[in-house]
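The next block holds one structure in the form of C-alpha cells; read it before the comments.
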Amino acid sequence: MNYYLFEDESIEVDMMFTESEIYDFIAYWKSGHSVQRIADLLKRNPLEIGLLVIDRAEVGEIKQRPYGIF
C-alpha cells in the first residue's frame, strides 16, 4: 500500500504562494521569526510555512539557522 502526503481529507494544505508572500517569508525567516510566527503574520497554516521552509531551503533561498525552524 502506498501513502500519499496529505491524503487525509481533514488536512487542508494550500501550496500556492504569491510573490509577495515569498518575499515576506524570506524577510521574516532572516529576521529569526519562528514558523508559527511567520504563519501568524502571513495568515497561513503552520504546515504550509513548514513546507515553504523546505522548498526555499532546497532552492537555496534561505539558509539553516543555528536554532532551527522554531
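Going through the C-alpha cells in order, the chains are called A, B, and so on, while each chain numbers its residues from 1 and the ligands are numbered from 1 in the order shown.
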Write out as a list in words which residues come within 10 Å of Val35 of chain A when counting only C-alpha atoms, dropping same-chain ones fewer than 5 positions away.
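Answer for this query is Phe25, Tyr28, Trp29, Asp40, Leu41, Asn45, Pro46, Leu47, Glu48, Ile49, Gly50, Leu52, Val53, Gly68, Ile69 and Phe70 of chain A.
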Can those selected residues be exported to a file as a compact mmCIF listing (two decimals), in the first residue's frame so that it contains C-alpha atoms?
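Heads up, here's the output in result.txt:
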# COMPACT_ATOMS: atom_id res chain seq x y z
CA PHE A 25 8.54 34.90 4.23
CA TYR A 28 10.72 37.05 8.32
CA TRP A 29 12.93 33.95 8.18
CA ASP A 40 0.52 34.13 12.01
CA LEU A 41 1.98 37.09 10.12
CA ASN A 45 -1.31 27.27 8.23
CA PRO A 46 2.00 26.50 10.02
CA LEU A 47 2.18 23.28 7.98
CA GLU A 48 2.21 25.36 4.79
CA ILE A 49 5.03 27.52 6.16
CA GLY A 50 6.97 24.40 7.17
CA LEU A 52 7.78 26.50 2.31
CA VAL A 53 10.86 26.34 4.55
CA GLY A 68 16.30 25.65 13.73
CA ILE A 69 12.84 26.42 12.44
CA PHE A 70 11.27 27.15 15.79
Name the closest residue to Arg65 of chain A among the candidates A:Arg44, A:Leu51, A:Phe17, A:Lys30; distances are taken between atoms, counting only C-alpha atoms.
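Among the listed residues, the smallest separation from Arg65 of chain A belongs to A:Lys30.
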Which one of A:Asp14, A:Ala57, A:Glu19, A:Tyr67 sits closest to Lys43 of chain A if you count only C-alpha atoms?
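Among A:Asp14, A:Ala57, A:Glu19, A:Tyr67, it is A:Asp14 that comes nearest to Lys43 of chain A.
Distance check against Ala27 of chain A using only C-alpha atoms: of A:Glu61, A:Tyr3, A:Pro66, A:Ile11, the minimum falls on A:Glu61.
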Sel. of helix (DSSP H, G or I) residues, chain A, as a CSV table (one decimal) with N, CA and C atoms, in the first residue's frame:
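Result file follows (selection-v5.csv):
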chain,number,residue,atom,x,y,z
A,19,GLU,N,4.1,36.0,-5.0
A,19,GLU,CA,5.5,36.5,-4.9
A,19,GLU,C,5.7,37.4,-3.6
A,20,SER,N,4.7,38.1,-3.3
A,20,SER,CA,4.7,39.0,-2.1
A,20,SER,C,4.9,38.1,-0.8
A,21,GLU,N,4.1,37.0,-0.7
A,21,GLU,CA,4.3,36.1,0.4
A,21,GLU,C,5.7,35.5,0.5
A,22,ILE,N,6.2,35.1,-0.6
A,22,ILE,CA,7.6,34.6,-0.7
A,22,ILE,C,8.6,35.6,-0.2
A,23,TYR,N,8.5,36.8,-0.7
A,23,TYR,CA,9.4,37.9,-0.3
A,23,TYR,C,9.3,38.1,1.2
A,24,ASP,N,8.0,38.2,1.7
A,24,ASP,CA,7.8,38.5,3.2
A,24,ASP,C,8.3,37.3,4.0
A,25,PHE,N,8.1,36.1,3.5
A,25,PHE,CA,8.5,34.9,4.2
A,25,PHE,C,10.1,34.9,4.4
A,26,ILE,N,10.8,35.2,3.3
A,26,ILE,CA,12.2,35.3,3.4
A,26,ILE,C,12.7,36.3,4.4
A,27,ALA,N,12.1,37.5,4.3
A,27,ALA,CA,12.5,38.5,5.3
A,27,ALA,C,12.2,38.1,6.7
A,28,TYR,N,11.0,37.5,7.0
A,28,TYR,CA,10.7,37.0,8.3
A,28,TYR,C,11.7,36.0,8.8
A,29,TRP,N,12.0,35.0,7.9
A,29,TRP,CA,12.9,34.0,8.2
A,29,TRP,C,14.3,34.5,8.6
A,30,LYS,N,14.8,35.4,7.8
A,30,LYS,CA,16.1,36.0,8.0
A,30,LYS,C,16.1,36.9,9.3
A,35,VAL,N,8.4,29.5,12.7
A,35,VAL,CA,7.5,29.0,11.7
A,35,VAL,C,6.1,29.5,12.1
A,36,GLN,N,5.8,29.3,13.4
A,36,GLN,CA,4.4,29.7,13.9
A,36,GLN,C,4.2,31.2,13.8
A,37,ARG,N,5.2,32.0,14.1
A,37,ARG,CA,5.1,33.4,14.0
A,37,ARG,C,4.9,33.8,12.5
A,38,ILE,N,5.7,33.2,11.6
A,38,ILE,CA,5.5,33.6,10.2
A,38,ILE,C,4.1,33.2,9.7
A,39,ALA,N,3.6,32.0,10.2
A,39,ALA,CA,2.3,31.6,9.8
A,39,ALA,C,1.3,32.6,10.3
A,40,ASP,N,1.4,33.1,11.5
A,40,ASP,CA,0.5,34.1,12.0
A,40,ASP,C,0.6,35.4,11.2
A,41,LEU,N,1.8,35.9,10.9
A,41,LEU,CA,2.0,37.1,10.1
A,41,LEU,C,1.4,37.0,8.7
A,42,LEU,N,1.6,35.8,8.1
A,42,LEU,CA,1.1,35.6,6.7
A,42,LEU,C,-0.3,35.1,6.7
A,46,PRO,N,0.6,26.8,9.7
A,46,PRO,CA,2.0,26.5,10.0
A,46,PRO,C,2.6,25.3,9.2
A,47,LEU,N,1.7,24.4,8.8
A,47,LEU,CA,2.2,23.3,8.0
A,47,LEU,C,2.6,23.8,6.6
A,48,GLU,N,1.9,24.8,6.1
A,48,GLU,CA,2.2,25.4,4.8
A,48,GLU,C,3.5,26.1,4.9
A,49,ILE,N,3.8,26.8,6.0
A,49,ILE,CA,5.0,27.5,6.2
A,49,ILE,C,6.2,26.5,6.3
A,50,GLY,N,5.9,25.4,7.0
A,50,GLY,CA,7.0,24.4,7.2
A,50,GLY,C,7.4,23.8,5.8
A,51,LEU,N,6.4,23.6,5.0
A,51,LEU,CA,6.7,23.1,3.6
A,51,LEU,C,7.4,24.2,2.8
A,52,LEU,N,7.1,25.4,3.0
A,52,LEU,CA,7.8,26.5,2.3
A,52,LEU,C,9.2,26.6,2.8
A,53,VAL,N,9.5,26.4,4.0
A,53,VAL,CA,10.9,26.3,4.6
A,53,VAL,C,11.7,25.3,3.8
A,54,ILE,N,11.1,24.1,3.7
A,54,ILE,CA,11.8,23.0,3.0
A,54,ILE,C,12.1,23.4,1.5
A,55,ASP,N,11.0,23.9,0.9
A,55,ASP,CA,11.1,24.3,-0.6
A,55,ASP,C,12.2,25.4,-0.8
A,56,ARG,N,12.2,26.4,0.0
A,56,ARG,CA,13.1,27.5,-0.2
A,56,ARG,C,14.5,27.2,0.2
A,57,ALA,N,14.7,26.2,1.2
A,57,ALA,CA,16.0,25.7,1.5
A,57,ALA,C,16.6,24.9,0.4
A,58,GLU,N,15.7,24.1,-0.2
A,58,GLU,CA,16.2,23.2,-1.3
A,58,GLU,C,16.6,24.0,-2.5
